[in-house]
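Visitor: A single structure is presented below for examination.
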Amino acid sequence: MKNNYLVLLFTLLCSVSIAQNATIAGYVTDVGNKEKLSGVVINVDGVNKVVTGLEGDYKVVVSGGEHTIKFTMLGYEVVERKVNIKGKDLINLNIKLSGKQEQLSMVVISASQYEKDLKRENVSIEVLGKDQLKNNNSTDLSDAVNRAPGVQVQDGQISIRGGSSYSYGVGSRTAVLVDNLSISSADLGMNQWSFAPLENAEQVEITKGSSSVVYGSSALNGVVNVRTAWPKADPETEITAFTGFYQNPKRAYMAWWGTGNQPGMSGLSFSHKQKYGNLDVVGGANFYMQNSYLDLGGSIRGRLDFKTQITSKKKPGLQYGIDVNWQRENNGFFFLSVDLDSNAYVASSSSDNRYMQTAIDPHLTYTNDRGSKHILRTRYLNVYRYGNGDDPNANSNGLTGDYQYQKRFKEKAVLTAGLPLNFGFSTSNLYPGLRLTYSGALYAQGEYAINKKLSITAGLRYEINSVDTIVQLGIPVFRSGLNWQVGKATFFRASYGQSYRMPTVGERFVDADFSILKIVPNPRLDVERGWSAEFGVKQGFRIGNFKALADAAFFWQEYSKFVEYRFGYYFYKTSGGADTSSFGLKPFNVAGARIAGWELSIMGEGEIGPVKIRTLAGYTYTFPGDLDSLSDIKGAGRYIRDMFKYATKRADSAYAYQNMLQFRTRHLIRGDVELSYKKLSVGYTLYYGSWAEKIPEIFTLASFLFGYDFDRYEREHINGDWIMDGRLAYELSNKIKLSFIAKNLTNRIYATRPGIMEPPRNFTLQLRIKL
């Protein structure tokens, strides 16, 4: 009898166990082509459990009761299902995912380090999609980001909302990344714009404001992150070829090339993405040749790149691979024109620069069934400049190891922590000896959803930096923010972030002549520090099937020990230790800087009737205050008063030179719209930049010493420059598209940085083929 009771008890326990647990299994496929999708993350009640296998299959064990299951994959809409377990031991659940298409559901990664709906971010982010990059025939990354609201690129150096200016080729306050890893040289901090593989780009994300908590020293002003694509179910191959030419400037006598030798450009790019079982492969190639409108300023480059990712068959959730990018590039270095009239496109002096860039990136990602994700990104970046005989080769080497841990706590919280390490060793003709740099940091950032409408974020970073023998111990920075959905499609955000920037080897040690300019080193440069704050609101709306996000933001940036170049006569030591003196430009830590303003923008995509529309446009106003000892606007009250006072008028030269930062464009407009009807599409791009009221004294001196008629140029451009581009495209078939692109339609003669002119009117014919 006793044994019978034990058998009965065992049977009851087994029955309860079976009733309380069940297995959910099935397949995940692409809704369009019906292909099975591998790598889809299955999240149960806020915890990532498993990923689909090579055949799109999955299996997950859950307890009894009601559960929420989400199916997510980069580039696809999230699918959510609710299931109620009532004793079944096996539930079959097949899912179909559709690609993301709606602008209001745009997903970004750069700010929060995980996929997140753009409108729920607590900082301003602009997104450039792959179609925008290709339709405008962007030849490098700087050309692409210069189309985004609030962004200006001056001769290869980027400024976001006026937070930086042209700094003579060294240093950057904006981190420029490809797949979250830097493409800036270890010594000069030069962004390698042409090295970004745009042929494989999925989108470009531009984060505005201090981002040092996650991205470190170079993210004082913001982040540009190129996210490259992975293959989907079907193989994808695309070939793009283009050719074009520059017209003569409006003043025909400025065309140094004469007749029969019109300058122009041509290029060819290739991209292929494919899955081979558990192996994902992406390959690309790019060739570009420019017979430049700038005398001795032409360029030619070739690039090869590939990336791989293996999904482990033995260890669910493990993915690993290696990416490689290699480029050879020759370009003429054009620093300053002979004058601003008949010889405006002729260099006062130039050099032929030959570069080789190499990046090797092993990477690993592991996601377990407890909601934890481990990411290891590494990169070796080499920027090699071949010497020209008299000067030695320059060799910049950077090693990066970035470990990141992420933990999701159901639907309430996400914790992201990281340990980034960087080491650089470089030699150059521009500075003496071998220069070493290193940095190591710890950071943590958490996001907590108070409810479905309100979330808060906070993060902290502690970093040690060294440039050569100068060590900076203990740089702690903090950031916080919130996002609050106050209406059906209305989202309010606020953020605050601290930042810092370690001056580069170039800023501290470069001792070189550029044309008529001498760059004087300053080994005693100190670390820049700052903070930025923003309040913004994002409003979604729709007209028919056209969906858009309108955005308004007010921002405030404050910096101490801000690095600016100043012209003067300086005594200093040469690379050999000898005392010398010279007129030149020398970097200094100014007492402080304050840049505040506002920004209005709109992005949208969809259809109104039979016409498809895509648009991105914005207006940015900044007031760049120089808070040195002579400034009248150090007090916040006077600063705010003057910020509004000069919003609708120019500042006179006396006020500007006493109170404003140099090279700043206070009014900036960017706009792009494309309309498509059946196989025909037409696009229009608008740029406007106001006159920078404070130009360094070196250009006034050049006018006096070399007949550089800068005063005349200022009178002609005092109201700023309006630049317009246009494009027309026709789909010859569903795989072939022919485009005609015209840039600088009015043939405006202008410069964004004094001394180097922007292109005259030019025309390009582009052919895109998908196989």
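Residues are referred to by chain and number: the chain letter is A, B, ... according to the order shown in the structure tokens, the number counts from 1 in that chain, and ligands are numbered separately from 1 in the order shown.
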For the structure I just gave you, how does DSSP split region 555-699 of chain A - specifically, which residues are helix (DSSP H, G or I)? Reply as a ChimeraX atom specification.
Guide: /A:636-645,653-659,697-699
Visitor: Output N, CA, C and O atoms of each residue in that selection to a file, as an mmCIF file, in the first residue's frame.
Guide:
data_model
loop_
_atom_site.group_PDB
_atom_site.id
_atom_site.type_symbol
_atom_site.label_atom_id
_atom_site.label_comp_id
_atom_site.auth_asym_id
_atom_site.auth_seq_id
_atom_site.Cartn_x
_atom_site.Cartn_y
_atom_site.Cartn_z
ATOM 1 N N ALA A 636 25.822 84.465 -18.395
ATOM 2 C CA ALA A 636 24.776 83.773 -19.147
ATOM 3 C C ALA A 636 23.679 84.725 -19.605
ATOM 4 O O ALA A 636 23.144 84.590 -20.709
ATOM 5 N N GLY A 637 23.350 85.712 -18.765
ATOM 6 C CA GLY A 637 22.290 86.645 -19.131
ATOM 7 C C GLY A 637 22.646 87.464 -20.355
ATOM 8 O O GLY A 637 21.834 87.600 -21.282
ATOM 9 N N ARG A 638 23.847 88.039 -20.376
ATOM 10 C CA ARG A 638 24.275 88.823 -21.534
ATOM 11 C C ARG A 638 24.416 87.933 -22.765
ATOM 12 O O ARG A 638 24.067 88.331 -23.881
ATOM 13 N N TYR A 639 24.901 86.722 -22.560
ATOM 14 C CA TYR A 639 25.051 85.789 -23.686
ATOM 15 C C TYR A 639 23.696 85.492 -24.326
ATOM 16 O O TYR A 639 23.550 85.538 -25.553
ATOM 17 N N ILE A 640 22.688 85.169 -23.505
ATOM 18 C CA ILE A 640 21.364 84.849 -24.045
ATOM 19 C C ILE A 640 20.765 86.051 -24.760
ATOM 20 O O ILE A 640 20.165 85.921 -25.836
ATOM 21 N N ARG A 641 20.941 87.236 -24.175
ATOM 22 C CA ARG A 641 20.410 88.439 -24.817
ATOM 23 C C ARG A 641 21.020 88.633 -26.195
ATOM 24 O O ARG A 641 20.318 88.882 -27.180
ATOM 25 N N ASP A 642 22.351 88.484 -26.286
ATOM 26 C CA ASP A 642 23.019 88.666 -27.574
ATOM 27 C C ASP A 642 22.712 87.535 -28.545
ATOM 28 O O ASP A 642 22.664 87.748 -29.758
ATOM 29 N N MET A 643 22.493 86.334 -28.030
ATOM 30 C CA MET A 643 22.147 85.218 -28.904
ATOM 31 C C MET A 643 20.866 85.518 -29.681
ATOM 32 O O MET A 643 20.791 85.274 -30.897
ATOM 33 N N PHE A 644 19.859 86.057 -29.007
ATOM 34 C CA PHE A 644 18.617 86.410 -29.691
ATOM 35 C C PHE A 644 18.771 87.690 -30.504
ATOM 36 O O PHE A 644 18.201 87.818 -31.590
ATOM 37 N N LYS A 645 19.559 88.630 -30.016
ATOM 38 C CA LYS A 645 19.768 89.897 -30.724
ATOM 39 C C LYS A 645 20.380 89.662 -32.096
ATOM 40 O O LYS A 645 19.960 90.266 -33.097
ATOM 41 N N SER A 653 32.464 93.557 -37.164
ATOM 42 C CA SER A 653 33.750 92.881 -37.002
ATOM 43 C C SER A 653 34.332 93.080 -35.603
ATOM 44 O O SER A 653 34.942 92.158 -35.035
ATOM 45 N N ALA A 654 34.151 94.267 -35.006
ATOM 46 C CA ALA A 654 34.695 94.515 -33.669
ATOM 47 C C ALA A 654 34.059 93.584 -32.644
ATOM 48 O O ALA A 654 34.751 92.986 -31.798
ATOM 49 N N TYR A 655 32.740 93.444 -32.694
ATOM 50 C CA TYR A 655 32.045 92.550 -31.762
ATOM 51 C C TYR A 655 32.459 91.106 -32.001
ATOM 52 O O TYR A 655 32.730 90.353 -31.057
ATOM 53 N N ALA A 656 32.503 90.694 -33.281
ATOM 54 C CA ALA A 656 32.821 89.308 -33.616
ATOM 55 C C ALA A 656 34.213 88.927 -33.141
ATOM 56 O O ALA A 656 34.404 87.855 -32.545
ATOM 57 N N TYR A 657 35.202 89.786 -33.363
ATOM 58 C CA TYR A 657 36.571 89.427 -32.997
ATOM 59 C C TYR A 657 36.783 89.446 -31.492
ATOM 60 O O TYR A 657 37.705 88.816 -30.990
ATOM 61 N N GLN A 658 35.924 90.114 -30.751
ATOM 62 C CA GLN A 658 36.054 90.133 -29.303
ATOM 63 C C GLN A 658 35.255 89.021 -28.633
ATOM 64 O O GLN A 658 35.656 88.516 -27.577
ATOM 65 N N ASN A 659 34.162 88.583 -29.266
ATOM 66 C CA ASN A 659 33.221 87.708 -28.563
ATOM 67 C C ASN A 659 32.895 86.382 -29.243
ATOM 68 O O ASN A 659 32.213 85.549 -28.634
ATOM 69 N N GLU A 697 43.248 86.107 -38.399
ATOM 70 C CA GLU A 697 44.025 87.238 -38.904
ATOM 71 C C GLU A 697 44.976 86.855 -40.026
ATOM 72 O O GLU A 697 45.390 87.710 -40.802
ATOM 73 N N ILE A 698 45.315 85.577 -40.135
ATOM 74 C CA ILE A 698 46.254 85.145 -41.154
ATOM 75 C C ILE A 698 45.777 85.499 -42.554
ATOM 76 O O ILE A 698 46.566 85.811 -43.441
ATOM 77 N N PHE A 699 44.457 85.492 -42.766
ATOM 78 C CA PHE A 699 43.936 85.783 -44.095
ATOM 79 C C PHE A 699 43.982 87.280 -44.392
ATOM 80 O O PHE A 699 44.183 87.692 -45.533
#
Visitor: Near Phe242 (chain A), within 7 Å and counting only C-alpha atoms, which residues show up once chain neighbours fewer than 5 positions away are dropped, as a ChimeraX atom specification?
Guide: /A:266-268,764-767
Visitor: For those residues, write all heavy atoms to a file as a PDB file, in the first residue's frame.
Guide:
ATOM      1  N   SER A 266      35.195  60.037 -62.297  1.00  0.00           N
ATOM      2  CA  SER A 266      34.531  58.785 -62.650  1.00  0.00           C
ATOM      3  C   SER A 266      34.769  57.791 -61.531  1.00  0.00           C
ATOM      4  O   SER A 266      35.709  57.922 -60.737  1.00  0.00           O
ATOM      5  CB  SER A 266      35.052  58.232 -63.983  1.00  0.00           C
ATOM      6  OG  SER A 266      36.447  58.010 -63.920  1.00  0.00           O
ATOM      7  N   GLY A 267      33.903  56.789 -61.455  1.00  0.00           N
ATOM      8  CA  GLY A 267      34.041  55.815 -60.387  1.00  0.00           C
ATOM      9  C   GLY A 267      33.262  54.551 -60.656  1.00  0.00           C
ATOM     10  O   GLY A 267      32.364  54.502 -61.510  1.00  0.00           O
ATOM     11  N   LEU A 268      33.611  53.516 -59.915  1.00  0.00           N
ATOM     12  CA  LEU A 268      32.967  52.216 -60.044  1.00  0.00           C
ATOM     13  C   LEU A 268      32.959  51.565 -58.661  1.00  0.00           C
ATOM     14  O   LEU A 268      33.982  51.546 -57.968  1.00  0.00           O
ATOM     15  CB  LEU A 268      33.727  51.328 -61.038  1.00  0.00           C
ATOM     16  CG  LEU A 268      33.211  49.899 -61.256  1.00  0.00           C
ATOM     17  CD1 LEU A 268      31.860  49.928 -61.959  1.00  0.00           C
ATOM     18  CD2 LEU A 268      34.220  49.092 -62.067  1.00  0.00           C
ATOM     19  N   THR A 764      26.893  64.635 -63.516  1.00  0.00           N
ATOM     20  CA  THR A 764      27.285  63.232 -63.370  1.00  0.00           C
ATOM     21  C   THR A 764      26.194  62.332 -63.934  1.00  0.00           C
ATOM     22  O   THR A 764      25.003  62.556 -63.696  1.00  0.00           O
ATOM     23  CB  THR A 764      27.518  62.867 -61.886  1.00  0.00           C
ATOM     24  OG1 THR A 764      28.555  63.694 -61.361  1.00  0.00           O
ATOM     25  CG2 THR A 764      27.915  61.418 -61.732  1.00  0.00           C
ATOM     26  N   LEU A 765      26.607  61.308 -64.656  1.00  0.00           N
ATOM     27  CA  LEU A 765      25.704  60.270 -65.153  1.00  0.00           C
ATOM     28  C   LEU A 765      26.025  58.990 -64.383  1.00  0.00           C
ATOM     29  O   LEU A 765      27.174  58.534 -64.371  1.00  0.00           O
ATOM     30  CB  LEU A 765      25.895  60.060 -66.649  1.00  0.00           C
ATOM     31  CG  LEU A 765      24.854  59.173 -67.361  1.00  0.00           C
ATOM     32  CD1 LEU A 765      23.481  59.833 -67.318  1.00  0.00           C
ATOM     33  CD2 LEU A 765      25.271  58.903 -68.806  1.00  0.00           C
ATOM     34  N   GLN A 766      25.010  58.433 -63.723  1.00  0.00           N
ATOM     35  CA  GLN A 766      25.209  57.267 -62.861  1.00  0.00           C
ATOM     36  C   GLN A 766      24.345  56.101 -63.331  1.00  0.00           C
ATOM     37  O   GLN A 766      23.170  56.278 -63.668  1.00  0.00           O
ATOM     38  CB  GLN A 766      24.849  57.617 -61.415  1.00  0.00           C
ATOM     39  CG  GLN A 766      25.042  56.484 -60.416  1.00  0.00           C
ATOM     40  CD  GLN A 766      24.268  56.705 -59.123  1.00  0.00           C
ATOM     41  OE1 GLN A 766      23.040  56.574 -59.098  1.00  0.00           O
ATOM     42  NE2 GLN A 766      24.971  57.042 -58.058  1.00  0.00           N
ATOM     43  N   LEU A 767      24.911  54.903 -63.324  1.00  0.00           N
ATOM     44  CA  LEU A 767      24.195  53.680 -63.685  1.00  0.00           C
ATOM     45  C   LEU A 767      24.299  52.695 -62.526  1.00  0.00           C
ATOM     46  O   LEU A 767      25.399  52.366 -62.080  1.00  0.00           O
ATOM     47  CB  LEU A 767      24.787  53.058 -64.952  1.00  0.00           C
ATOM     48  CG  LEU A 767      24.122  51.762 -65.452  1.00  0.00           C
ATOM     49  CD1 LEU A 767      22.695  52.031 -65.923  1.00  0.00           C
ATOM     50  CD2 LEU A 767      24.949  51.125 -66.566  1.00  0.00           C
TER      51      LEU A 767
END
Visitor: Quick one: DSSP strand (DSSP E or B) residues in region 467-549 of chain A, as a count of residues only?
Guide: 57
Visitor: So which one's closest to Leu442 (chain A), A:Ile633, A:Leu399, A:Tyr215, A:Tyr27? Using only C-alpha atoms, please.
Guide: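 Of the candidates, the smallest distance to Leu442 (chain A) is held by A:Tyr215.
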Visitor: Give me the residues near region 393-397 of chain A as an MDAnalysis selection string, where near means some atom within 6 Å (using only C-alpha atoms) and where sequence neighbours in that chain fewer than 4 positions away do not count.
Guide: chainID A and resid 186 381:387 424:428
